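S.K.: The file below is entry_24.csv, CSV, N, CA and C atoms and all ligand atoms:
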chain,number,residue,atom,x,y,z
O,1,MET,N,89.0,-28.7,158.6
O,1,MET,CA,90.2,-28.5,157.7
O,1,MET,C,89.9,-27.4,156.6
O,2,PRO,N,90.8,-26.6,156.5
O,2,PRO,CA,90.6,-25.5,155.4
O,2,PRO,C,90.7,-26.1,154.0
O,3,LEU,N,89.9,-25.5,153.2
O,3,LEU,CA,89.9,-25.9,151.8
O,3,LEU,C,90.8,-25.0,151.0
O,4,TYR,N,91.7,-25.6,150.3
O,4,TYR,CA,92.7,-24.8,149.5
O,4,TYR,C,92.4,-25.0,148.0
O,5,GLU,N,92.7,-24.0,147.3
O,5,GLU,CA,92.5,-24.0,145.8
O,5,GLU,C,93.9,-23.9,145.2
O,6,TYR,N,94.1,-24.8,144.3
O,6,TYR,CA,95.5,-24.8,143.6
O,6,TYR,C,95.3,-24.7,142.1
O,7,GLU,N,96.4,-24.2,141.5
O,7,GLU,CA,96.4,-24.0,140.1
O,7,GLU,C,97.8,-24.4,139.6
O,8,LEU,N,97.8,-25.1,138.5
O,8,LEU,CA,99.1,-25.4,137.9
O,8,LEU,C,99.9,-24.2,137.5
O,9,CYS,N,101.2,-24.2,137.8
O,9,CYS,CA,102.0,-23.0,137.4
O,9,CYS,C,102.1,-23.0,135.8
O,10,GLU,N,102.2,-24.2,135.2
O,10,GLU,CA,102.4,-24.2,133.8
O,10,GLU,C,101.8,-25.5,133.3
O,11,GLY,N,101.5,-25.6,132.0
O,11,GLY,CA,101.0,-26.8,131.4
O,11,GLY,C,99.6,-27.1,131.8
O,12,ASN,N,99.2,-28.3,131.5
O,12,ASN,CA,97.9,-28.8,131.8
O,12,ASN,C,97.9,-30.2,132.3
O,13,CYS,N,96.9,-30.6,133.1
O,13,CYS,CA,96.9,-31.9,133.7
O,13,CYS,C,95.5,-32.5,133.4
O,14,ALA,N,95.5,-33.6,132.8
O,14,ALA,CA,94.2,-34.3,132.6
O,14,ALA,C,93.5,-34.7,133.9
O,15,ALA,N,94.3,-35.1,134.9
O,15,ALA,CA,93.7,-35.6,136.1
O,15,ALA,C,93.1,-34.5,136.9
O,16,CYS,N,93.7,-33.4,137.0
O,16,CYS,CA,93.2,-32.3,137.9
O,16,CYS,C,92.6,-31.2,137.1
O,17,GLY,N,92.8,-31.2,135.8
O,17,GLY,CA,92.2,-30.1,135.0
O,17,GLY,C,92.9,-28.8,135.1
O,18,GLY,N,94.1,-28.8,135.8
O,18,GLY,CA,94.9,-27.6,135.9
O,18,GLY,C,94.5,-26.7,137.0
O,19,ARG,N,93.4,-27.1,137.7
O,19,ARG,CA,92.9,-26.3,138.8
O,19,ARG,C,92.1,-27.2,139.7
O,20,PHE,N,92.4,-27.2,141.0
O,20,PHE,CA,91.6,-28.1,141.8
O,20,PHE,C,91.6,-27.6,143.2
O,21,THR,N,90.8,-28.2,144.1
O,21,THR,CA,90.7,-27.8,145.5
O,21,THR,C,91.0,-29.1,146.3
O,22,LEU,N,91.6,-28.8,147.4
O,22,LEU,CA,92.0,-29.9,148.3
O,22,LEU,C,91.7,-29.4,149.8
O,23,ARG,N,91.2,-30.3,150.6
O,23,ARG,CA,91.1,-30.1,152.0
O,23,ARG,C,92.4,-30.6,152.7
O,24,ARG,N,93.0,-29.7,153.4
O,24,ARG,CA,94.3,-30.1,154.0
O,24,ARG,C,94.3,-29.6,155.4
O,25,PRO,N,94.9,-30.4,156.3
O,25,PRO,CA,95.0,-29.8,157.7
O,25,PRO,C,96.0,-28.7,157.7
O,26,LEU,N,95.9,-27.8,158.6
O,26,LEU,CA,96.8,-26.6,158.7
O,26,LEU,C,98.2,-27.1,159.0
O,27,SER,N,98.3,-28.2,159.6
O,27,SER,CA,99.7,-28.7,160.0
O,27,SER,C,100.4,-29.4,158.8
O,28,ALA,N,99.7,-29.6,157.7
O,28,ALA,CA,100.3,-30.3,156.6
O,28,ALA,C,101.3,-29.4,155.9
O,29,PRO,N,102.4,-30.0,155.4
O,29,PRO,CA,103.4,-29.2,154.7
O,29,PRO,C,102.8,-28.7,153.4
O,30,GLU,N,103.3,-27.5,153.0
O,30,GLU,CA,102.9,-26.9,151.8
O,30,GLU,C,102.9,-27.8,150.6
O,31,LEU,N,101.8,-27.8,149.9
O,31,LEU,CA,101.8,-28.7,148.7
O,31,LEU,C,102.4,-27.9,147.5
O,32,THR,N,103.4,-28.5,146.9
O,32,THR,CA,104.1,-27.8,145.9
O,32,THR,C,103.9,-28.4,144.5
O,33,GLY,N,103.3,-29.6,144.4
O,33,GLY,CA,103.0,-30.2,143.1
O,33,GLY,C,101.7,-30.9,143.1
O,34,CYS,N,101.1,-31.0,141.9
O,34,CYS,CA,99.9,-31.7,141.7
O,34,CYS,C,100.0,-33.2,142.2
O,35,PRO,N,99.1,-33.7,143.1
O,35,PRO,CA,99.3,-35.1,143.5
O,35,PRO,C,99.2,-36.1,142.4
O,36,ALA,N,98.5,-35.7,141.3
O,36,ALA,CA,98.4,-36.6,140.2
O,36,ALA,C,99.5,-36.6,139.2
O,37,CYS,N,99.9,-35.4,138.8
O,37,CYS,CA,100.9,-35.3,137.7
O,37,CYS,C,102.2,-34.7,138.1
O,38,LYS,N,102.3,-34.3,139.4
O,38,LYS,CA,103.6,-33.8,140.0
O,38,LYS,C,104.1,-32.5,139.4
O,39,ARG,N,103.3,-31.9,138.6
O,39,ARG,CA,103.7,-30.6,138.1
O,39,ARG,C,103.6,-29.5,139.2
O,40,PRO,N,104.5,-28.5,139.1
O,40,PRO,CA,104.4,-27.5,140.1
O,40,PRO,C,103.1,-26.7,140.1
O,41,ILE,N,102.6,-26.4,141.3
O,41,ILE,CA,101.3,-25.7,141.5
O,41,ILE,C,101.5,-24.6,142.4
O,42,ARG,N,100.6,-23.7,142.4
O,42,ARG,CA,100.6,-22.6,143.3
O,42,ARG,C,99.2,-22.6,144.0
O,43,LYS,N,99.2,-22.1,145.2
O,43,LYS,CA,98.0,-22.0,146.0
O,43,LYS,C,97.3,-20.7,145.6
O,44,LEU,N,96.0,-20.8,145.4
O,44,LEU,CA,95.2,-19.6,145.1
O,44,LEU,C,94.5,-19.2,146.4
O,45,LEU,N,94.4,-17.9,146.5
O,45,LEU,CA,93.8,-17.3,147.7
O,45,LEU,C,92.4,-17.1,147.4
O,46,SER,N,91.5,-17.7,148.2
O,46,SER,CA,90.1,-17.5,148.1
O,46,SER,C,89.6,-16.7,149.2
O,47,ALA,N,88.8,-15.6,148.9
O,47,ALA,CA,88.4,-14.7,150.0
O,47,ALA,C,87.5,-15.4,151.0
O,48,PHE,N,86.8,-16.4,150.6
O,48,PHE,CA,85.8,-17.0,151.5
O,48,PHE,C,86.4,-18.1,152.4
O,49,ASN,N,87.6,-18.5,152.2
O,49,ASN,CA,88.2,-19.5,153.1
O,49,ASN,C,89.5,-19.2,153.6
O,50,THR,N,89.9,-17.9,153.5
O,50,THR,CA,91.1,-17.4,154.1
O,50,THR,C,91.2,-17.7,155.6
O,51,PRO,N,92.2,-18.4,156.0
O,51,PRO,CA,92.2,-18.6,157.5
O,51,PRO,C,92.4,-17.3,158.2
O,52,SER,N,91.8,-17.3,159.4
O,52,SER,CA,91.8,-16.0,160.2
O,52,SER,C,93.2,-15.7,160.6
O,53,ILE,N,94.0,-16.7,160.8
O,53,ILE,CA,95.4,-16.4,161.2
O,53,ILE,C,96.3,-16.6,160.0
O,54,THR,N,96.8,-15.5,159.5
O,54,THR,CA,97.7,-15.6,158.4
O,54,THR,C,99.1,-15.2,158.7
O,55,LYS,N,100.0,-15.9,158.2
O,55,LYS,CA,101.4,-15.6,158.4
O,55,LYS,C,101.8,-14.3,157.7
O,56,PRO,N,102.4,-13.3,158.3
O,56,PRO,CA,102.8,-12.2,157.5
O,56,PRO,C,103.9,-12.5,156.5
O,57,VAL,N,103.7,-12.2,155.3
O,57,VAL,CA,104.7,-12.4,154.2
O,57,VAL,C,105.0,-11.1,153.5
O,58,SER,N,106.3,-10.9,153.4
O,58,SER,CA,106.7,-9.6,152.8
O,58,SER,C,106.5,-9.7,151.2
O,59,HIS,N,106.5,-8.6,150.6
O,59,HIS,CA,106.4,-8.5,149.2
O,59,HIS,C,107.5,-9.3,148.5
O,60,SER,N,108.7,-9.1,149.1
O,60,SER,CA,109.9,-9.8,148.4
O,60,SER,C,109.8,-11.3,148.6
O,61,ASP,N,109.3,-11.8,149.7
O,61,ASP,CA,109.0,-13.2,149.8
O,61,ASP,C,108.1,-13.7,148.7
O,62,ALA,N,107.0,-12.9,148.5
O,62,ALA,CA,106.0,-13.3,147.5
O,62,ALA,C,106.6,-13.3,146.1
O,63,LYS,N,107.5,-12.3,145.8
O,63,LYS,CA,108.1,-12.3,144.5
O,63,LYS,C,109.1,-13.4,144.3
O,64,LYS,N,109.8,-13.7,145.4
O,64,LYS,CA,110.7,-14.9,145.3
O,64,LYS,C,109.9,-16.2,145.0
O,65,ALA,N,108.7,-16.2,145.6
O,65,ALA,CA,107.9,-17.4,145.4
O,65,ALA,C,107.2,-17.4,144.0
O,66,GLY,N,107.5,-16.3,143.2
O,66,GLY,CA,106.9,-16.3,141.9
O,66,GLY,C,105.5,-15.6,141.8
O,67,PHE,N,105.2,-14.9,142.9
O,67,PHE,CA,103.9,-14.3,142.9
O,67,PHE,C,104.0,-12.9,142.2
O,68,THR,N,102.9,-12.4,141.6
O,68,THR,CA,102.8,-11.0,141.3
O,68,THR,C,102.2,-10.3,142.4
O,69,VAL,N,102.9,-9.4,143.0
O,69,VAL,CA,102.4,-8.7,144.2
O,69,VAL,C,101.4,-7.6,143.7
O,70,LEU,N,100.2,-7.7,144.3
O,70,LEU,CA,99.1,-6.8,144.0
O,70,LEU,C,98.8,-6.0,145.2
O,71,LYS,N,98.6,-4.7,145.0
O,71,LYS,CA,98.2,-3.9,146.1
O,71,LYS,C,96.7,-3.6,146.0
O,72,ARG,N,96.0,-3.7,147.1
O,72,ARG,CA,94.6,-3.5,147.1
O,72,ARG,C,94.4,-2.0,147.1
O,73,VAL,N,93.7,-1.5,146.1
O,73,VAL,CA,93.5,-0.1,146.0
O,73,VAL,C,92.0,0.3,146.2
O,74,GLY,N,91.2,-0.7,146.2
O,74,GLY,CA,89.8,-0.4,146.4
O,74,GLY,C,89.0,-1.7,146.5
O,75,LYS,N,87.7,-1.7,146.7
O,75,LYS,CA,86.9,-2.9,146.8
O,75,LYS,C,87.1,-3.7,145.5
O,76,GLY,N,87.7,-4.8,145.5
O,76,GLY,CA,87.8,-5.7,144.4
O,76,GLY,C,88.8,-5.2,143.3
O,77,GLU,N,89.6,-4.1,143.7
O,77,GLU,CA,90.5,-3.6,142.7
O,77,GLU,C,91.9,-3.7,143.3
O,78,TYR,N,92.8,-4.2,142.4
O,78,TYR,CA,94.2,-4.4,142.8
O,78,TYR,C,95.1,-3.7,141.8
O,79,GLU,N,96.3,-3.4,142.3
O,79,GLU,CA,97.2,-2.7,141.5
O,79,GLU,C,98.5,-3.4,141.5
O,80,ARG,N,99.1,-3.7,140.3
O,80,ARG,CA,100.4,-4.3,140.3
O,80,ARG,C,101.5,-3.5,140.9
O,81,GLN,N,102.4,-4.1,141.6
O,81,GLN,CA,103.5,-3.3,142.2
O,81,GLN,C,104.8,-3.6,141.5
O,101,ZN,ZN,97.7,-32.5,137.8
Since I need it in another form, could you write the structure as structure tokens?
Ligand SMILES: [Zn+2]
M.R.:
Amino acid sequence: MPLYEYELCEGNCAACGGRFTLRRPLSAPELTGCPACKRPIRKLLSAFNTPSITKPVSHSDAKKAGFTVLKRVGKGEYERQ
């Protein structure tokens, strides 16, 4: 099962510390809230556990989901779009 890292969108949570990792099956529905405090969370992308099969997502989809779209301009360097 892949390991996902999550971060609270806002506020803080005593139970999860505002940032936590969870192992979830690929078939599990997207987690949208902290299991402890139910606050909205976002999934962090970690380079070392990115699944090899990723769903293509457009920049507009990412923006709709509240992401800041970053363009990779070099090794470890990103540019805001
Ligand atoms: Zn929490």
S.K.: Where does DSSP see strand (DSSP E) in chain O, if you list the residues as a ChimeraX atom specification?
M.R.: /O:3-8,19-23,41-44,70-74,77-80
S.K.: In Å to one decimal, how far is atom C of Cys37 in chain O from CA of Thr21 in chain O?
M.R.: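 Here the two named atoms are 15.3 Å from each other.
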S.K.: For the atom pair atom C of Cys9 in chain O and CA of Arg42 in chain O, what is the interatomic distance in Å to one decimal place?
M.R.: 7.7 Å
S.K.: Can you work out the spacing between atom C of Tyr4 in chain O and atom C of Gly74 in chain O in Å, to one decimal?
M.R.: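 According to the coordinates, atom C of Tyr4 in chain O and atom C of Gly74 in chain O are separated by 23.6 Å.
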S.K.: From a backbone DSSP assignment, name each residue in chain O labelled helix (DSSP H, G or I), as a list in words.
M.R.: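 Listing helix (DSSP H, G or I) positions across chain O yields Ala47, Phe48, Asn49, His59, Ser60, Asp61, Ala62, Lys63 and Lys64 of chain O.
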S.K.: Name the residues, by chain letter and number, that sit within 7 Å of ligand ZN 101 (chain O) using all atoms listed in the file, and give them as a list in words.
M.R.: Asn12, Cys13, Ala14, Ala15, Cys16, Gly17, Gly18, Arg19, Gly33, Cys34, Pro35, Ala36, Cys37, Lys38 and Arg39 of chain O
S.K.: Tell me which protein, DNA and RNA residues are within 12 Å of Leu44 in chain O, counting only C-alpha atoms, leaving out same-chain ones fewer than 5 positions away, and put them as a list in words.
M.R.: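 My reading of the contact set: Leu3, Tyr4, Glu5, Tyr6, Glu7, Leu8, Cys9, Arg19, Phe20, Thr21, Leu22, Leu31, Asn49, Thr50 and Phe67 of chain O.
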S.K.: Output N, CA and C atoms for every residue in that selection, as a CSV table (one decimal), in the frame of the given file.
M.R.:
chain,number,residue,atom,x,y,z
O,3,LEU,N,89.9,-25.5,153.2
O,3,LEU,CA,89.9,-25.9,151.8
O,3,LEU,C,90.8,-25.0,151.0
O,4,TYR,N,91.7,-25.6,150.3
O,4,TYR,CA,92.7,-24.8,149.5
O,4,TYR,C,92.4,-25.0,148.0
O,5,GLU,N,92.7,-24.0,147.3
O,5,GLU,CA,92.5,-24.0,145.8
O,5,GLU,C,93.9,-23.9,145.2
O,6,TYR,N,94.1,-24.8,144.3
O,6,TYR,CA,95.5,-24.8,143.6
O,6,TYR,C,95.3,-24.7,142.1
O,7,GLU,N,96.4,-24.2,141.5
O,7,GLU,CA,96.4,-24.0,140.1
O,7,GLU,C,97.8,-24.4,139.6
O,8,LEU,N,97.8,-25.1,138.5
O,8,LEU,CA,99.1,-25.4,137.9
O,8,LEU,C,99.9,-24.2,137.5
O,9,CYS,N,101.2,-24.2,137.8
O,9,CYS,CA,102.0,-23.0,137.4
O,9,CYS,C,102.1,-23.0,135.8
O,19,ARG,N,93.4,-27.1,137.7
O,19,ARG,CA,92.9,-26.3,138.8
O,19,ARG,C,92.1,-27.2,139.7
O,20,PHE,N,92.4,-27.2,141.0
O,20,PHE,CA,91.6,-28.1,141.8
O,20,PHE,C,91.6,-27.6,143.2
O,21,THR,N,90.8,-28.2,144.1
O,21,THR,CA,90.7,-27.8,145.5
O,21,THR,C,91.0,-29.1,146.3
O,22,LEU,N,91.6,-28.8,147.4
O,22,LEU,CA,92.0,-29.9,148.3
O,22,LEU,C,91.7,-29.4,149.8
O,31,LEU,N,101.8,-27.8,149.9
O,31,LEU,CA,101.8,-28.7,148.7
O,31,LEU,C,102.4,-27.9,147.5
O,49,ASN,N,87.6,-18.5,152.2
O,49,ASN,CA,88.2,-19.5,153.1
O,49,ASN,C,89.5,-19.2,153.6
O,50,THR,N,89.9,-17.9,153.5
O,50,THR,CA,91.1,-17.4,154.1
O,50,THR,C,91.2,-17.7,155.6
O,67,PHE,N,105.2,-14.9,142.9
O,67,PHE,CA,103.9,-14.3,142.9
O,67,PHE,C,104.0,-12.9,142.2
